[in-house]
Structures are given as structure tokens and as C-alpha cells.
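Trainee: I am sharing target_13.json, which consists of JSON, C-alpha atoms:
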[["chain", "number", "residue", "atom", "x", "y", "z"],
["A", 1, "MET", "CA", -20.34, -1.16, -12.03],
["A", 2, "ARG", "CA", -20.07, -0.14, -15.67],
["A", 3, "GLU", "CA", -17.56, -0.43, -18.48],
["A", 4, "THR", "CA", -15.46, 2.36, -19.92],
["A", 5, "ARG", "CA", -12.71, 2.71, -22.52],
["A", 6, "ALA", "CA", -9.17, 2.12, -21.25],
["A", 7, "VAL", "CA", -6.14, 4.16, -22.35],
["A", 8, "ARG", "CA", -3.09, 1.91, -22.24],
["A", 9, "LEU", "CA", -0.21, 3.72, -20.53],
["A", 10, "GLY", "CA", 1.51, 0.64, -19.11],
["A", 11, "TRP", "CA", 4.98, 1.10, -20.58],
["A", 12, "THR", "CA", 4.94, 4.90, -20.11],
["A", 13, "PHE", "CA", 4.03, 4.40, -16.45],
["A", 14, "LEU", "CA", 6.70, 1.72, -15.99],
["A", 15, "ILE", "CA", 9.40, 3.86, -17.62],
["A", 16, "VAL", "CA", 8.54, 6.91, -15.46],
["A", 17, "LEU", "CA", 8.56, 4.69, -12.37],
["A", 18, "ALA", "CA", 11.87, 2.98, -13.28],
["A", 19, "VAL", "CA", 13.63, 6.25, -14.11],
["A", 20, "GLY", "CA", 12.48, 7.84, -10.85],
["A", 21, "VAL", "CA", 13.59, 4.87, -8.76],
["A", 22, "ALA", "CA", 16.90, 4.66, -10.65],
["A", 23, "ILE", "CA", 17.62, 8.34, -9.83],
["A", 24, "ILE", "CA", 16.87, 7.73, -6.14],
["A", 25, "VAL", "CA", 19.04, 4.59, -6.08],
["A", 26, "ALA", "CA", 21.90, 6.51, -7.74],
["A", 27, "TRP", "CA", 21.55, 9.31, -5.17],
["A", 28, "THR", "CA", 21.57, 6.77, -2.32],
["A", 29, "VAL", "CA", 24.64, 4.92, -3.62],
["A", 30, "ALA", "CA", 26.46, 8.22, -4.21],
["A", 31, "HIS", "CA", 25.91, 9.19, -0.58],
["A", 32, "LEU", "CA", 27.13, 5.88, 0.86],
["A", 33, "GLY", "CA", 30.76, 6.87, 0.96],
["A", 34, "PRO", "CA", 33.21, 6.29, 3.84],
["A", 35, "GLY", "CA", 32.00, 7.81, 7.10],
["A", 36, "ALA", "CA", 28.44, 8.21, 5.81],
["A", 37, "ASP", "CA", 25.42, 7.70, 8.03],
["A", 38, "VAL", "CA", 24.45, 4.43, 6.32],
["A", 39, "ILE", "CA", 21.17, 3.92, 8.20],
["A", 40, "GLY", "CA", 20.11, 7.53, 7.60],
["A", 41, "VAL", "CA", 20.98, 7.49, 3.88],
["A", 42, "VAL", "CA", 19.36, 4.09, 3.23],
["A", 43, "SER", "CA", 16.28, 5.11, 5.25],
["A", 44, "PHE", "CA", 15.91, 8.28, 3.19],
["A", 45, "GLY", "CA", 16.48, 6.45, -0.12],
["A", 46, "VAL", "CA", 13.97, 3.68, 0.65],
["A", 47, "SER", "CA", 11.41, 6.16, 1.94],
["A", 48, "ALA", "CA", 11.80, 8.40, -1.12],
["A", 49, "ALA", "CA", 11.48, 5.43, -3.51],
["A", 50, "VAL", "CA", 8.35, 4.13, -1.78],
["A", 51, "THR", "CA", 6.88, 7.66, -1.73],
["A", 52, "LEU", "CA", 7.44, 7.98, -5.47],
["A", 53, "ILE", "CA", 5.86, 4.60, -6.24],
["A", 54, "VAL", "CA", 2.83, 5.11, -3.98],
["A", 55, "ALA", "CA", 2.35, 8.71, -5.16],
["A", 56, "LEU", "CA", 2.29, 7.60, -8.81],
["A", 57, "LEU", "CA", -0.17, 4.80, -7.99],
["A", 58, "ALA", "CA", -2.29, 7.27, -6.01],
["A", 59, "LEU", "CA", -2.26, 9.73, -8.93],
["A", 60, "VAL", "CA", -3.55, 7.03, -11.29],
["A", 61, "ALA", "CA", -6.14, 5.85, -8.73],
["A", 62, "VAL", "CA", -7.47, 9.39, -8.22],
["A", 63, "ILE", "CA", -7.59, 10.06, -11.99],
["A", 64, "ASN", "CA", -9.43, 6.77, -12.52],
["A", 65, "PHE", "CA", -11.87, 7.51, -9.71],
["A", 66, "VAL", "CA", -12.65, 10.87, -11.31],
["A", 67, "SER", "CA", -12.95, 9.08, -14.66],
["A", 68, "SER", "CA", -15.49, 6.67, -13.20],
["A", 69, "ILE", "CA", -17.63, 9.64, -12.16],
["A", 70, "THR", "CA", -17.20, 11.76, -15.29],
["A", 71, "HIS", "CA", -17.30, 8.78, -17.69],
["A", 72, "ALA", "CA", -13.91, 9.80, -19.07],
["A", 73, "PRO", "CA", -11.47, 7.14, -20.37],
["A", 74, "TYR", "CA", -9.75, 4.98, -17.77],
["A", 75, "ILE", "CA", -5.93, 4.76, -17.41],
["A", 76, "TRP", "CA", -4.63, 1.18, -17.66],
["A", 77, "ILE", "CA", -1.11, 0.96, -16.19],
["A", 78, "LEU", "CA", -0.36, -2.74, -16.48],
["A", 79, "PRO", "CA", 2.17, -3.16, -19.33],
["A", 80, "ASP", "CA", 0.98, -5.51, -22.08],
["A", 81, "ASP", "CA", 3.82, -8.01, -21.66],
["A", 82, "PHE", "CA", 3.42, -8.28, -17.89],
["A", 83, "ALA", "CA", -0.34, -8.62, -17.73],
["A", 84, "SER", "CA", -0.33, -12.41, -17.52],
["A", 85, "ILE", "CA", 2.50, -12.68, -14.96],
["A", 86, "ARG", "CA", 1.36, -13.98, -11.59],
["A", 87, "LEU", "CA", 2.01, -11.56, -8.74],
["A", 88, "ASP", "CA", 2.78, -14.28, -6.19],
["A", 89, "TRP", "CA", 6.50, -14.64, -6.81],
["A", 90, "PRO", "CA", 7.33, -10.92, -7.21],
["A", 91, "ILE", "CA", 5.46, -10.21, -3.97],
["A", 92, "ALA", "CA", 7.22, -13.04, -2.12],
["A", 93, "VAL", "CA", 10.59, -11.72, -3.33],
["A", 94, "ALA", "CA", 9.63, -8.14, -2.34],
["A", 95, "ILE", "CA", 8.61, -9.26, 1.17],
["A", 96, "ALA", "CA", 11.81, -11.27, 1.61],
["A", 97, "ALA", "CA", 13.92, -8.35, 0.38],
["A", 98, "GLY", "CA", 12.06, -5.95, 2.69],
["A", 99, "LEU", "CA", 12.57, -8.21, 5.71],
["A", 100, "ALA", "CA", 16.26, -8.74, 4.88],
["A", 101, "LEU", "CA", 16.85, -5.00, 4.41],
["A", 102, "GLY", "CA", 14.90, -4.16, 7.56],
["A", 103, "TRP", "CA", 16.80, -6.76, 9.59],
["A", 104, "ARG", "CA", 20.14, -5.54, 8.24],
["A", 105, "PHE", "CA", 19.66, -1.80, 8.82],
["A", 106, "TRP", "CA", 16.92, -1.22, 11.38],
["A", 107, "GLN", "CA", 16.79, -4.28, 13.62],
["B", 1, "MET", "CA", -23.72, -19.96, -3.91],
["B", 2, "ILE", "CA", -23.97, -17.77, -6.99],
["B", 3, "ARG", "CA", -27.37, -16.43, -5.93],
["B", 4, "TYR", "CA", -25.79, -15.09, -2.72],
["B", 5, "ARG", "CA", -23.37, -12.86, -4.61],
["B", 6, "GLY", "CA", -25.62, -9.80, -4.19],
["B", 7, "VAL", "CA", -25.76, -10.31, -0.43],
["B", 8, "LEU", "CA", -22.02, -10.92, -0.25],
["B", 9, "ARG", "CA", -21.36, -7.67, -2.13],
["B", 10, "GLY", "CA", -23.29, -5.90, 0.63],
["B", 11, "VAL", "CA", -21.20, -7.73, 3.22],
["B", 12, "GLU", "CA", -18.05, -6.69, 1.35],
["B", 13, "LEU", "CA", -19.06, -3.02, 1.47],
["B", 14, "PHE", "CA", -20.02, -3.28, 5.14],
["B", 15, "LEU", "CA", -16.68, -4.86, 6.06],
["B", 16, "LEU", "CA", -14.74, -2.20, 4.12],
["B", 17, "LEU", "CA", -16.72, 0.54, 5.83],
["B", 18, "ALA", "CA", -16.26, -1.08, 9.26],
["B", 19, "THR", "CA", -12.51, -1.49, 8.70],
["B", 20, "THR", "CA", -12.17, 2.10, 7.50],
["B", 21, "LEU", "CA", -14.16, 3.50, 10.44],
["B", 22, "GLY", "CA", -12.28, 1.27, 12.90],
["B", 23, "LEU", "CA", -8.94, 2.44, 11.52],
["B", 24, "ALA", "CA", -10.11, 6.06, 11.65],
["B", 25, "ALA", "CA", -11.05, 5.59, 15.32],
["B", 26, "VAL", "CA", -7.71, 3.97, 16.22],
["B", 27, "PHE", "CA", -5.70, 6.60, 14.33],
["B", 28, "GLY", "CA", -7.83, 9.36, 15.85],
["B", 29, "LEU", "CA", -7.05, 7.99, 19.30],
["B", 30, "ALA", "CA", -3.35, 7.80, 18.44],
["B", 31, "ILE", "CA", -3.30, 11.37, 17.10],
["B", 32, "ALA", "CA", -5.10, 12.65, 20.21],
["B", 33, "HIS", "CA", -2.48, 10.97, 22.43],
["B", 34, "ALA", "CA", 0.38, 12.19, 20.22],
["B", 35, "PHE", "CA", -0.63, 15.83, 20.74],
["B", 36, "ASN", "CA", 0.14, 15.57, 24.44],
["B", 37, "ALA", "CA", 3.19, 13.34, 24.11],
["B", 38, "ASP", "CA", 6.87, 13.84, 23.42],
["B", 39, "VAL", "CA", 7.49, 11.32, 20.64],
["B", 40, "THR", "CA", 11.15, 12.25, 20.38],
["B", 41, "LYS", "CA", 11.63, 9.95, 23.39],
["B", 42, "CYS", "CA", 10.92, 7.10, 20.97],
["B", 43, "ALA", "CA", 13.70, 8.13, 18.58],
["B", 44, "SER", "CA", 15.96, 5.29, 19.67],
["B", 45, "ARG", "CA", 15.35, 1.71, 18.60],
["B", 46, "GLY", "CA", 15.40, 0.64, 22.23],
["B", 47, "ALA", "CA", 12.05, 2.35, 22.90],
["B", 48, "VAL", "CA", 10.30, -0.91, 22.01],
["B", 49, "ASP", "CA", 11.74, -4.30, 22.92],
["B", 50, "SER", "CA", 12.73, -6.43, 19.95],
["B", 51, "ARG", "CA", 10.20, -9.17, 20.84],
["B", 52, "THR", "CA", 7.27, -6.74, 20.49],
["B", 53, "GLY", "CA", 8.70, -5.50, 17.20],
["B", 54, "LEU", "CA", 8.98, -9.03, 15.83],
["B", 55, "ILE", "CA", 5.43, -9.89, 16.92],
["B", 56, "LEU", "CA", 4.05, -6.74, 15.28],
["B", 57, "ALA", "CA", 5.98, -7.52, 12.08],
["B", 58, "GLY", "CA", 4.46, -11.02, 12.12],
["B", 59, "VAL", "CA", 0.97, -9.61, 12.70],
["B", 60, "ALA", "CA", 1.42, -7.23, 9.75],
["B", 61, "LEU", "CA", 2.61, -10.07, 7.51],
["B", 62, "GLY", "CA", -0.39, -12.14, 8.63],
["B", 63, "GLY", "CA", -2.70, -9.24, 7.75],
["B", 64, "PHE", "CA", -1.08, -8.98, 4.32],
["B", 65, "ALA", "CA", -1.62, -12.72, 3.70],
["B", 66, "CYS", "CA", -5.25, -12.44, 4.88],
["B", 67, "GLY", "CA", -5.63, -9.53, 2.45],
["B", 68, "ARG", "CA", -4.76, -11.94, -0.34],
["B", 69, "LEU", "CA", -7.46, -14.36, 0.83],
["B", 70, "VAL", "CA", -9.99, -11.52, 1.04],
["B", 71, "ALA", "CA", -9.00, -10.43, -2.50],
["B", 72, "MET", "CA", -9.64, -13.97, -3.79],
["B", 73, "GLY", "CA", -13.05, -13.90, -2.13],
["B", 74, "ARG", "CA", -13.82, -10.47, -3.55],
["B", 75, "LYS", "CA", -12.82, -11.60, -7.03],
["B", 76, "TRP", "CA", -15.33, -14.43, -6.81],
["B", 77, "VAL", "CA", -18.08, -12.29, -5.25],
["B", 78, "ASN", "CA", -17.77, -9.64, -7.95],
["B", 79, "ASP", "CA", -17.31, -12.22, -10.71],
["B", 80, "ALA", "CA", -14.30, -10.15, -11.80],
["B", 81, "PRO", "CA", -12.76, -10.83, -15.22],
["B", 82, "VAL", "CA", -9.17, -12.03, -15.63],
["B", 83, "ILE", "CA", -6.74, -9.12, -15.26],
["B", 84, "ARG", "CA", -4.91, -8.53, -18.49],
["B", 85, "ASP", "CA", -4.39, -5.73, -20.93],
["B", 86, "GLN", "CA", -7.74, -4.73, -22.34],
["B", 87, "ASP", "CA", -9.56, -1.94, -24.11],
["B", 88, "ARG", "CA", -12.55, -1.81, -21.79],
["B", 89, "VAL", "CA", -12.56, -2.07, -17.99],
["B", 90, "ARG", "CA", -15.24, -2.23, -15.33],
["B", 91, "THR", "CA", -15.16, 0.83, -13.12],
["B", 92, "GLY", "CA", -17.07, 2.68, -10.46],
["B", 93, "GLY", "CA", -18.30, 2.18, -6.98],
["B", 94, "PRO", "CA", -17.25, 3.32, -3.52],
["B", 95, "LEU", "CA", -14.45, 0.75, -3.41],
["B", 96, "GLN", "CA", -12.60, 2.62, -6.15],
["B", 97, "GLY", "CA", -12.97, 5.87, -4.21],
["B", 98, "ALA", "CA", -11.73, 4.17, -1.05],
["B", 99, "LEU", "CA", -8.66, 2.85, -2.88],
["B", 100, "ALA", "CA", -7.89, 6.30, -4.31],
["B", 101, "ALA", "CA", -8.28, 7.93, -0.87],
["B", 102, "PHE", "CA", -6.15, 5.24, 0.80],
["B", 103, "LEU", "CA", -3.31, 5.59, -1.71],
["B", 104, "ALA", "CA", -3.46, 9.41, -1.64],
["B", 105, "LEU", "CA", -3.28, 9.43, 2.17],
["B", 106, "ALA", "CA", -0.44, 6.89, 2.10],
["B", 107, "ALA", "CA", 1.48, 9.04, -0.41],
["B", 108, "VAL", "CA", 1.08, 12.15, 1.77],
["B", 109, "LEU", "CA", 2.22, 10.29, 4.91],
["B", 110, "LEU", "CA", 5.19, 8.74, 3.10],
["B", 111, "GLY", "CA", 6.13, 12.18, 1.76],
["B", 112, "TYR", "CA", 6.07, 13.51, 5.31],
["B", 113, "GLU", "CA", 8.17, 10.54, 6.50],
["B", 114, "THR", "CA", 10.77, 11.24, 3.80],
["B", 115, "TYR", "CA", 10.90, 14.93, 4.73],
["B", 116, "ALA", "CA", 11.02, 14.13, 8.45],
["B", 117, "LEU", "CA", 13.99, 11.76, 8.05],
["B", 118, "THR", "CA", 16.17, 14.73, 7.17],
["B", 119, "ASN", "CA", 14.41, 17.25, 9.42],
["B", 120, "SER", "CA", 13.74, 15.18, 12.52],
["B", 121, "ALA", "CA", 14.37, 18.11, 14.86],
["B", 122, "SER", "CA", 11.34, 20.03, 13.60],
["B", 123, "ALA", "CA", 9.27, 17.09, 12.31],
["B", 124, "PRO", "CA", 9.53, 13.73, 14.09],
["B", 125, "PRO", "CA", 9.39, 10.80, 11.61],
["B", 126, "ILE", "CA", 6.26, 8.60, 11.65],
["B", 127, "THR", "CA", 8.57, 5.79, 12.76],
["B", 128, "GLU", "CA", 8.83, 7.52, 16.15],
["B", 129, "TYR", "CA", 5.04, 7.81, 16.46],
["B", 130, "VAL", "CA", 4.65, 4.11, 15.63],
["B", 131, "ARG", "CA", 7.37, 3.17, 18.12],
["B", 132, "CYS", "CA", 5.61, 5.17, 20.86],
["B", 133, "ALA", "CA", 2.28, 3.57, 19.94],
["B", 134, "ALA", "CA", 3.84, 0.09, 20.09],
["B", 135, "ALA", "CA", 5.42, 0.85, 23.45],
["B", 136, "THR", "CA", 2.27, 2.26, 25.08],
["B", 137, "SER", "CA", -0.43, 0.12, 23.44],
["B", 138, "PRO", "CA", 0.94, -2.90, 21.57],
["B", 139, "THR", "CA", -2.49, -4.55, 21.20],
["B", 140, "LEU", "CA", -4.12, -1.57, 19.46],
["B", 141, "THR", "CA", -0.98, -1.10, 17.36],
["B", 142, "GLY", "CA", -1.18, -4.75, 16.33],
["B", 143, "ILE", "CA", -4.85, -4.37, 15.36],
["B", 144, "ALA", "CA", -4.08, -1.26, 13.30],
["B", 145, "ALA", "CA", -1.06, -2.95, 11.66],
["B", 146, "PHE", "CA", -3.18, -6.00, 10.80],
["B", 147, "ALA", "CA", -5.98, -3.87, 9.31],
["B", 148, "VAL", "CA", -3.66, -1.67, 7.25],
["B", 149, "ALA", "CA", -1.69, -4.69, 5.98],
["B", 150, "LEU", "CA", -4.97, -6.46, 5.15],
["B", 151, "LEU", "CA", -6.11, -3.50, 3.02],
["B", 152, "ILE", "CA", -2.73, -3.34, 1.26],
["B", 153, "GLY", "CA", -2.67, -7.10, 0.61],
["B", 154, "ASN", "CA", -6.26, -7.00, -0.56],
["B", 155, "TRP", "CA", -5.66, -4.24, -3.08],
["B", 156, "LEU", "CA", -2.09, -4.81, -4.24],
["B", 157, "TRP", "CA", -2.05, -8.65, -4.22],
["B", 158, "TYR", "CA", -5.28, -9.09, -6.13],
["B", 159, "PRO", "CA", -5.42, -12.38, -8.09],
["B", 160, "THR", "CA", -4.54, -11.84, -11.75],
["B", 161, "GLU", "CA", -6.04, -15.07, -13.06]]
How would this structure read if it were set down as C-alpha cells?

Mentor:
Amino acid sequence: MRETRAVRLGWTFLIVLAVGVAIIVAWTVAHLGPGADVIGVVSFGVSAAVTLIVALLALVAVINFVSSITHAPYIWILPDDFASIRLDWPIAVAIAAGLALGWRFWQ
Amino acid sequence: MIRYRGVLRGVELFLLLATTLGLAAVFGLAIAHAFNADVTKCASRGAVDSRTGLILAGVALGGFACGRLVAMGRKWVNDAPVIRDQDRVRTGGPLQGALAAFLALAAVLLGYETYALTNSASAPPITEYVRCAAATSPTLTGIAAFAVALLIGNWLWYPTE
């Protein structure tokens, strides 16, 4: 383990993430008209949103892994104002929402 | 206990390696079986009974919760600083490479799943592969689900204080 300089991109990362998810949500809602294949549309929307989030996290993780080898600056993606927030409640809410959505559409 | 931290870091690396190799073996087995199978037969939700599905969901949730406990242990073993916005961070090590590889692989698989949901005739969604795995070998599927959920919980639900 060693220390390296961190470049703070928290808010930039959050904005890119939020805009991407908002576009996917808008697409999903727009395709949920009468007679639509609700399960298919929601499945695609959820899958696309999760792909975007994980792909962005993976991109940062790969860049940071390369940084740790090349001693380049590290990318810090936790926004300043959220750094002290405990993850417990957001994760509990996310699990509950995932279970409720899964039960509603795929059970 | 503090003097055992060095030993426990070795145990941590060994467990990560064992989990990774175990998962690679299970997924390799699943892929080998999938080559000779027609997974489109698992397209319907009825391919796996709802009781098995619920049990596997519970096992995955249990793995996620255990991942949190492992993360708390790892935080203590590595004497990790409080997570908050900072100018300098501690980096390096095989764990960081494993996390990057795990997330990159997950992103590729999720991308395929998204594509397959609209092109299921030419590319069966991963959901169908998982359903077939759960129907033919629920125990191995449960072990894999537990291990994957444990890694996710360990990395994404890391204690911030």
C-alpha cells in the first residue's frame, strides 16, 4: 500500500450518472404506453440502468488500478457533501426497492 | 490482536484468491454445460419452481449481508482510514486489481444481458442460463450466488466510518 494524490471528480461523476439514468428512465416511461410489453420494457430499462452504473464504476476502478501501477493521480468519485453519509440506509432502501420491483414484475 | 494484522492480511488475500478460483471453477462448469444445452427451454418463469427461486434469493441476500461483515473485518485488518473526501488516498495491491476485473466483467455481462433482452432469439439472456443452472443444480447455483453476493457486499457496502 502507498499513498497517491486524489483528483476529486465526485460531482462530475454523480452528474454523468444521474443524467444517464434519467435518460434511461425517460425512455422506459415513454415506452410504457397502452398495450406495451411492461415486463420487457421494465426489464430492458432496469438492465440498461444497472449496466450504465456498473460500467462507469468499472471504468473508474480500471483507471485507478492503472494509476496505482503508474503512480498517476487517483480518481476520487465520492462527492464532498455525501462522504460522511452512512451507506446502511441507502443500501437497505435499494434492496427493498429491488425486491419489491422484482416481486411485482418477475415473480 | 493488532500484532496479528500481518497474518490476517495474508488470510484475506488467500480467501479472496480461493473465492475467485472457486467461482471461476463453478462458472467454468456452468459454461461447459451450457455449450451442450438448449437454454431457451428455460425462457419461461416456470422452469424453476418459485420455492427454489425464493431460497436462492435469500441465499444471495445472506451473502450480501456476510459481505458487509467481511468488509468490517477487512477495514480493521487493514487499519483503513475513515472514508471521506480527501486529497491523498491509499492505493495498490492485488485487491484493487481484483475489484477492477470484477466490475469490468460485470459490466460486460450486464451489457450482454441488456442486448439479449431485445435480441433473445439470437442471444439468450443470462437470466435463462441462471434459470437452467438453478433447475439442474440448485446447490451449486446457491454457492455461486452466495459468493458473488458476498463479493458485491464486501466491496460496495464497505463501512464509511

Trainee: Rounded to one decimal in Å, what is the spacing between CA of Ala107 (chain B) and CA of Glu12 (chain B)?

Mentor: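 Taking CA of Ala107 (chain B) as the start and CA of Glu12 (chain B) as the end point, the length is 25.1 Å.
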
Trainee: Within 12 Å of Ala57 (chain B), counting only C-alpha atoms, which residues show up once you throw out same-chain ones fewer than 2 positions away? Write them as a list of chain:residue names, please.

Mentor: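 Contacts, in chain order: A:Ile95, A:Gly98, A:Leu99, A:Gly102, A:Trp103, A:Gln107, B:Ser50, B:Arg51, B:Thr52, B:Gly53, B:Leu54, B:Ile55, B:Val59, B:Ala60, B:Leu61, B:Gly62, B:Gly63, B:Phe64, B:Ala134, B:Pro138, B:Thr141, B:Gly142, B:Ile143, B:Ala144, B:Ala145, B:Phe146, B:Ala149.
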
Trainee: Nearest to chain A among B:Thr114, B:Thr139, B:Ser44, B:Thr19, with distances taken over all atoms listed in the file: which residue is it?

Mentor: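 Using all atoms listed in the file, the shortest distance to chain A belongs to B:Thr114.
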
Trainee: Between A:Leu9, A:Leu59, A:Ile77, A:Ala22, which one has atoms that come closest to Val46 (chain A), using only C-alpha atoms?

Mentor: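 With only C-alpha atoms as the atom set, the closest residue is A:Ala22.
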
Trainee: With a distance threshold of 10 Å and counting all atoms listed in the file, extract the residues of chain A near chain B and express them as an NGL selection string.

Mentor: :A and (1-8 or 10 or 40-41 or 43-69 or 71 or 73-88 or 91 or 95 or 99 or 106-107)

Trainee: Can you measure CA of Ile31 (chain B) to CA of Arg131 (chain B) for me? One decimal in Å is fine.

Mentor: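 We find that CA of Ile31 (chain B) and CA of Arg131 (chain B) lie 13.5 Å from each other.
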
Trainee: Record the distance separating CA of Ala72 (chain A) and CA of Phe13 (chain A), expressed in Å with one decimal.

Mentor: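 Interatomic distance, CA of Ala72 (chain A) to CA of Phe13 (chain A): 18.9 Å.
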
Trainee: Using the file's own x, y and z axes, what box holds all listed atoms of region 64-75 of chain A with 6 Å on each side, keeping edges along x, y and z, and what are its centre and edge lengths in Å to one decimal, as lines of an AutoDock Vina configuration file?

Mentor:
center_x = -11.8
center_y = 8.3
center_z = -15.0
size_x = 23.7
size_y = 19.0
size_z = 22.7

Trainee: Distance cut-off 8 Å, centre (7.6, -1.0, 27.2) in file coordinates, counting all atoms listed in the file: which residues qualify? Return them as a PyMOL selection string.

Mentor: chain B and resi 47-49+135-136
